[in-house]
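Here is the structure we will look at.
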Amino acid sequence: MQIVVTDLPDHILVALTGRLDALSAGDFDLKAGELTAAGSLPVLVDFSAVEYMSSAGLRSLLKMAKVCKASGRALVFFSLQPDVYEVCRIAGFTAILKIVSDKNAALAEAGLN
Amino acid sequence: MKTVELPASINVLGEINVMLEQSLTGPLAPLLFKTQLVVEELLSNICFYAYDGKEGKAGFACGTVNFDGRQCVMLQLTDSGKPYDPFAETAEPDLDAPIEERSVGGLGVHLVRELASHYTYIRIDGCNQSQIIFEIGDSEAENS
């Protein structure tokens, strides 16, 4: 999985590409841990190029969301492909994570537009 | 249905995914996401729990079967680890808990239950065997 982090003036954009599964979740956790360890800017995660996600990926998202929630930091996931969204829905994550349709909605959710 | 025997390691996931991509083509291709997910979840359980951290084997098979008069795709996962029925012995996760209290324990098996058309477990010849059936065309029907 490819993880590209872009620091912008008012938020951090994380663009993911590939598969978030048991093989890649460790790398994602490391990166997510780094970028949530300091700072308070909202984090927006672009899922448009994530073609697959398993419970290992769900575990990573939950871990990241708990850290952000504890520090009062906005975390928004956007542009999930239908199959990946369905995994989130079945797991009940659509109720506990901020998941929105596209980048504009994500910016709005984070209070940035 | 041909069974391949692999080391019980999550590192074989890539190999299994390629096998599924090669098997599930044409009208079966829409099942690729679900089947890869189900195999990953069951294989993860085998890798992390079946052999208590020791080395072991995992058997994997995939094929089409006739079930209830319908053509279906069947996945089969086997291991010779300690007896464990993932469907009976894995608690349903609390999907309504707030984020602070949510744990992902049991989520993998929950996904398998929800995505499969049918699933069954038996202990046979000293092995755990899970069989998962996907009705072909099921995913389209659910989305319409």
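Labels used: A, B, ... for chains in the order of the structure tokens, numbers from 1 for residues in each chain, and numbers from 1 for ligands as shown.
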(request) Considering only C-alpha atoms, extract the chain B residues located within 12 Å of chain A and return them as a PyMOL selection string. (result) chain B and resi 9-14+17+30-45+47-48+92-115+139-140+142-143
(request) Output as a PyMOL selection string all residues of chain A that backbone DSSP marks as alpha helix (DSSP H). (result) chain A and resi 25-37+55-70+82-90+93-96+103-109
(request) Compile the contact shell of Gln2 (chain A) as a PyMOL selection string: residues with an atom at most 9 Å away, counting only C-alpha atoms, same-chain residues fewer than 4 positions apart removed. (result) chain A and resi 15-19+28
Any chance you can output those residues with all heavy atoms as a compact mmCIF listing (two decimals), in the first residue's frame?
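Done, and the output landed in out-v3.txt:
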```txt
# COMPACT_ATOMS: atom_id res chain seq x y z
N ALA A 15 -3.24 10.35 1.37
CA ALA A 15 -3.79 9.65 0.21
C ALA A 15 -3.28 8.22 0.21
O ALA A 15 -2.08 7.97 0.20
CB ALA A 15 -3.38 10.36 -1.08
N LEU A 16 -4.22 7.28 0.24
CA LEU A 16 -3.87 5.86 0.28
C LEU A 16 -4.11 5.23 -1.09
O LEU A 16 -5.10 5.55 -1.75
CB LEU A 16 -4.73 5.13 1.32
CG LEU A 16 -4.73 5.70 2.73
CD1 LEU A 16 -5.68 4.89 3.61
CD2 LEU A 16 -3.33 5.69 3.31
N THR A 17 -3.23 4.31 -1.47
CA THR A 17 -3.41 3.59 -2.72
C THR A 17 -3.12 2.12 -2.49
O THR A 17 -2.09 1.77 -1.92
CB THR A 17 -2.44 4.12 -3.82
OG1 THR A 17 -2.66 5.51 -3.98
CG2 THR A 17 -2.69 3.42 -5.15
N GLY A 18 -4.05 1.25 -2.91
CA GLY A 18 -3.80 -0.18 -2.85
C GLY A 18 -4.71 -0.91 -1.87
O GLY A 18 -5.88 -0.59 -1.75
N ARG A 19 -4.12 -1.86 -1.16
CA ARG A 19 -4.90 -2.75 -0.29
C ARG A 19 -4.52 -2.52 1.17
O ARG A 19 -3.35 -2.57 1.54
CB ARG A 19 -4.62 -4.22 -0.65
CG ARG A 19 -4.93 -4.55 -2.11
CD ARG A 19 -4.39 -5.91 -2.48
NE ARG A 19 -5.11 -7.00 -1.85
CZ ARG A 19 -6.19 -7.56 -2.35
NH1 ARG A 19 -6.68 -7.16 -3.51
NH2 ARG A 19 -6.81 -8.53 -1.72
N PHE A 28 0.71 1.05 7.70
CA PHE A 28 -0.25 2.13 7.87
C PHE A 28 -0.26 2.62 9.32
O PHE A 28 -0.26 3.81 9.59
CB PHE A 28 -1.66 1.68 7.46
CG PHE A 28 -2.70 2.74 7.67
CD1 PHE A 28 -2.90 3.74 6.74
CD2 PHE A 28 -3.47 2.75 8.83
CE1 PHE A 28 -3.84 4.74 6.96
CE2 PHE A 28 -4.41 3.75 9.06
CZ PHE A 28 -4.59 4.74 8.13
```
(request) Determine, counting only C-alpha atoms, which protein, DNA and RNA residues have an atom within 12 Å of an atom of Val65 (chain B); residues of the same chain fewer than 6 positions away are not included. Present the result as a PyMOL selection string. (result) chain B and resi 1+71-76+131-136
Env of Leu35 (chain A): 12 Å cut, atoms = only C-alpha atoms, seq-sep filter 6 positions within chain, self excluded. Answer as a PDB file with N, CA and C atoms, in the first residue's frame.
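For reference, selection_25.pdb as written:
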```
ATOM      1  N   ILE A   3       1.287   5.213   0.813  1.00  0.00           N
ATOM      2  CA  ILE A   3       0.720   6.221   1.716  1.00  0.00           C
ATOM      3  C   ILE A   3       1.430   7.548   1.455  1.00  0.00           C
ATOM      4  N   VAL A   4       0.689   8.524   0.977  1.00  0.00           N
ATOM      5  CA  VAL A   4       1.298   9.832   0.706  1.00  0.00           C
ATOM      6  C   VAL A   4       0.673  10.867   1.638  1.00  0.00           C
ATOM      7  N   VAL A   5       1.524  11.478   2.457  1.00  0.00           N
ATOM      8  CA  VAL A   5       1.051  12.478   3.421  1.00  0.00           C
ATOM      9  C   VAL A   5       1.452  13.866   2.926  1.00  0.00           C
ATOM     10  N   THR A   6       0.475  14.748   2.807  1.00  0.00           N
ATOM     11  CA  THR A   6       0.751  16.114   2.367  1.00  0.00           C
ATOM     12  C   THR A   6       0.341  17.091   3.464  1.00  0.00           C
ATOM     13  N   ASP A   7       1.299  17.890   3.910  1.00  0.00           N
ATOM     14  CA  ASP A   7       0.999  18.896   4.936  1.00  0.00           C
ATOM     15  C   ASP A   7       0.503  20.164   4.269  1.00  0.00           C
ATOM     16  N   HIS A  11      -4.820  21.661   7.033  1.00  0.00           N
ATOM     17  CA  HIS A  11      -5.100  20.247   7.315  1.00  0.00           C
ATOM     18  C   HIS A  11      -3.981  19.352   6.786  1.00  0.00           C
ATOM     19  N   ILE A  12      -4.063  18.084   7.163  1.00  0.00           N
ATOM     20  CA  ILE A  12      -3.112  17.092   6.644  1.00  0.00           C
ATOM     21  C   ILE A  12      -3.906  16.145   5.751  1.00  0.00           C
ATOM     22  N   LEU A  13      -3.415  15.983   4.527  1.00  0.00           N
ATOM     23  CA  LEU A  13      -4.095  15.098   3.584  1.00  0.00           C
ATOM     24  C   LEU A  13      -3.308  13.794   3.469  1.00  0.00           C
ATOM     25  N   VAL A  14      -4.003  12.684   3.682  1.00  0.00           N
ATOM     26  CA  VAL A  14      -3.368  11.374   3.564  1.00  0.00           C
ATOM     27  C   VAL A  14      -4.023  10.652   2.398  1.00  0.00           C
ATOM     28  N   PHE A  28       0.713   1.055   7.698  1.00  0.00           N
ATOM     29  CA  PHE A  28      -0.254   2.133   7.871  1.00  0.00           C
ATOM     30  C   PHE A  28      -0.256   2.615   9.324  1.00  0.00           C
ATOM     31  N   ASP A  29      -0.235   1.664  10.269  1.00  0.00           N
ATOM     32  CA  ASP A  29      -0.242   2.021  11.698  1.00  0.00           C
ATOM     33  C   ASP A  29       0.948   2.906  12.062  1.00  0.00           C
ATOM     34  N   LEU A  41      -3.912  19.757  13.576  1.00  0.00           N
ATOM     35  CA  LEU A  41      -4.653  20.015  12.343  1.00  0.00           C
ATOM     36  C   LEU A  41      -5.539  18.823  11.981  1.00  0.00           C
ATOM     37  N   PRO A  42      -6.696  19.111  11.379  1.00  0.00           N
ATOM     38  CA  PRO A  42      -7.564  18.012  10.949  1.00  0.00           C
ATOM     39  C   PRO A  42      -6.831  17.085   9.974  1.00  0.00           C
ATOM     40  N   VAL A  43      -7.145  15.800  10.040  1.00  0.00           N
ATOM     41  CA  VAL A  43      -6.565  14.809   9.135  1.00  0.00           C
ATOM     42  C   VAL A  43      -7.663  14.307   8.205  1.00  0.00           C
ATOM     43  N   LEU A  44      -7.437  14.457   6.898  1.00  0.00           N
ATOM     44  CA  LEU A  44      -8.390  13.988   5.900  1.00  0.00           C
ATOM     45  C   LEU A  44      -7.757  12.826   5.140  1.00  0.00           C
ATOM     46  N   VAL A  45      -8.453  11.701   5.090  1.00  0.00           N
ATOM     47  CA  VAL A  45      -7.880  10.513   4.464  1.00  0.00           C
ATOM     48  C   VAL A  45      -8.636  10.173   3.185  1.00  0.00           C
ATOM     49  N   MET A  64      -6.471   4.651  14.902  1.00  0.00           N
ATOM     50  CA  MET A  64      -6.202   6.040  14.529  1.00  0.00           C
ATOM     51  C   MET A  64      -7.320   6.957  15.030  1.00  0.00           C
ATOM     52  N   VAL A  67      -7.131   7.640  18.806  1.00  0.00           N
ATOM     53  CA  VAL A  67      -6.093   8.622  19.141  1.00  0.00           C
ATOM     54  C   VAL A  67      -6.592  10.032  18.847  1.00  0.00           C
ATOM     55  N   CYS A  68      -7.203  10.209  17.682  1.00  0.00           N
ATOM     56  CA  CYS A  68      -7.699  11.547  17.295  1.00  0.00           C
ATOM     57  C   CYS A  68      -8.833  11.998  18.212  1.00  0.00           C
ATOM     58  N   ARG A  73      -9.057  15.850  17.892  1.00  0.00           N
ATOM     59  CA  ARG A  73      -8.635  16.201  16.541  1.00  0.00           C
ATOM     60  C   ARG A  73      -9.611  15.633  15.509  1.00  0.00           C
ATOM     61  N   LEU A  75     -10.869  13.885  12.238  1.00  0.00           N
ATOM     62  CA  LEU A  75     -10.362  12.839  11.342  1.00  0.00           C
ATOM     63  C   LEU A  75     -11.517  12.435  10.434  1.00  0.00           C
TER      64      LEU A  75
END
```
(message) Based on the backbone DSSP call, show me all residues of chain A assigned strand (DSSP E), as a PyMOL selection string.
(response) chain A and resi 2-7+12-20+43-53+75-78+98-100
Based on the selection just made, write N, CA and C atoms of those residues as a CSV table (one decimal), in the first residue's frame.
```csv
chain,number,residue,atom,x,y,z
A,2,GLN,N,0.5,2.2,-0.8
A,2,GLN,CA,1.2,3.5,-0.9
A,2,GLN,C,0.5,4.5,0.0
A,3,ILE,N,1.3,5.2,0.8
A,3,ILE,CA,0.7,6.2,1.7
A,3,ILE,C,1.4,7.5,1.5
A,4,VAL,N,0.7,8.5,1.0
A,4,VAL,CA,1.3,9.8,0.7
A,4,VAL,C,0.7,10.9,1.6
A,5,VAL,N,1.5,11.5,2.5
A,5,VAL,CA,1.1,12.5,3.4
A,5,VAL,C,1.5,13.9,2.9
A,6,THR,N,0.5,14.7,2.8
A,6,THR,CA,0.8,16.1,2.4
A,6,THR,C,0.3,17.1,3.5
A,7,ASP,N,1.3,17.9,3.9
A,7,ASP,CA,1.0,18.9,4.9
A,7,ASP,C,0.5,20.2,4.3
A,12,ILE,N,-4.1,18.1,7.2
A,12,ILE,CA,-3.1,17.1,6.6
A,12,ILE,C,-3.9,16.1,5.8
A,13,LEU,N,-3.4,16.0,4.5
A,13,LEU,CA,-4.1,15.1,3.6
A,13,LEU,C,-3.3,13.8,3.5
A,14,VAL,N,-4.0,12.7,3.7
A,14,VAL,CA,-3.4,11.4,3.6
A,14,VAL,C,-4.0,10.7,2.4
A,15,ALA,N,-3.2,10.4,1.4
A,15,ALA,CA,-3.8,9.7,0.2
A,15,ALA,C,-3.3,8.2,0.2
A,16,LEU,N,-4.2,7.3,0.2
A,16,LEU,CA,-3.9,5.9,0.3
A,16,LEU,C,-4.1,5.2,-1.1
A,17,THR,N,-3.2,4.3,-1.5
A,17,THR,CA,-3.4,3.6,-2.7
A,17,THR,C,-3.1,2.1,-2.5
A,18,GLY,N,-4.0,1.3,-2.9
A,18,GLY,CA,-3.8,-0.2,-2.8
A,18,GLY,C,-4.7,-0.9,-1.9
A,19,ARG,N,-4.1,-1.9,-1.2
A,19,ARG,CA,-4.9,-2.7,-0.3
A,19,ARG,C,-4.5,-2.5,1.2
A,20,LEU,N,-5.5,-2.3,2.0
A,20,LEU,CA,-5.3,-2.1,3.4
A,20,LEU,C,-5.7,-3.5,4.1
A,43,VAL,N,-7.1,15.8,10.0
A,43,VAL,CA,-6.6,14.8,9.1
A,43,VAL,C,-7.7,14.3,8.2
A,44,LEU,N,-7.4,14.5,6.9
A,44,LEU,CA,-8.4,14.0,5.9
A,44,LEU,C,-7.8,12.8,5.1
A,45,VAL,N,-8.5,11.7,5.1
A,45,VAL,CA,-7.9,10.5,4.5
A,45,VAL,C,-8.6,10.2,3.2
A,46,ASP,N,-7.9,10.2,2.1
A,46,ASP,CA,-8.5,10.0,0.7
A,46,ASP,C,-8.4,8.5,0.5
A,47,PHE,N,-9.6,7.8,0.4
A,47,PHE,CA,-9.7,6.4,0.2
A,47,PHE,C,-10.0,6.0,-1.2
A,48,SER,N,-10.0,7.0,-2.1
A,48,SER,CA,-10.5,6.7,-3.5
A,48,SER,C,-9.7,5.6,-4.2
A,49,ALA,N,-8.4,5.5,-3.9
A,49,ALA,CA,-7.6,4.4,-4.6
A,49,ALA,C,-7.4,3.2,-3.7
A,50,VAL,N,-8.2,3.1,-2.6
A,50,VAL,CA,-8.1,1.8,-1.8
A,50,VAL,C,-9.1,0.8,-2.4
A,51,GLU,N,-8.6,-0.2,-2.9
A,51,GLU,CA,-9.4,-1.2,-3.6
A,51,GLU,C,-9.9,-2.3,-2.7
A,52,TYR,N,-9.3,-2.4,-1.5
A,52,TYR,CA,-9.6,-3.6,-0.7
A,52,TYR,C,-9.3,-3.2,0.8
A,53,MET,N,-10.2,-3.7,1.7
A,53,MET,CA,-9.9,-3.5,3.1
A,53,MET,C,-10.5,-4.6,3.9
A,75,LEU,N,-10.9,13.9,12.2
A,75,LEU,CA,-10.4,12.8,11.3
A,75,LEU,C,-11.5,12.4,10.4
A,76,VAL,N,-11.3,12.6,9.1
A,76,VAL,CA,-12.4,12.3,8.2
A,76,VAL,C,-11.9,11.4,7.0
A,77,PHE,N,-12.6,10.4,6.7
A,77,PHE,CA,-12.3,9.5,5.6
A,77,PHE,C,-13.3,9.9,4.5
A,78,PHE,N,-12.7,9.9,3.2
A,78,PHE,CA,-13.6,10.3,2.1
A,78,PHE,C,-13.3,9.4,0.9
A,98,LYS,N,-16.0,9.3,10.9
A,98,LYS,CA,-16.6,10.3,10.0
A,98,LYS,C,-16.2,9.8,8.6
A,99,ILE,N,-17.2,9.3,7.9
A,99,ILE,CA,-17.0,8.9,6.5
A,99,ILE,C,-17.9,9.7,5.6
A,100,VAL,N,-17.3,10.4,4.6
A,100,VAL,CA,-18.1,11.2,3.7
A,100,VAL,C,-17.8,10.9,2.3
```
(request) Using only C-alpha atoms, pick whichever of B:Met19, B:His118, B:Gly53, B:Gly81 has the shortest atom-to-atom distance to Asp68 (chain B). (result) B:His118
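Across B:Thr25, B:Thr3, B:Thr78, B:Thr64, the tightest approach to Ser130 (chain B) is made by B:Thr78 when counting only C-alpha atoms.
Every protein or nucleic acid residue with an atom no more than 8 Å from Glu55 (chain B), counting only C-alpha atoms and leaving out same-chain residues fewer than 2 positions away, appears here: Pro7, Ala8, Tyr51, Gly53 and Lys57 of chain B.
CA of Asp125 (chain B) is found 21.7 Å from CA of Gly63 (chain B).
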(request) To one decimal in Å, tell me the separation between CA of Asn128 (chain B) and CA of Gly57 (chain A). (result) 25.9 Å
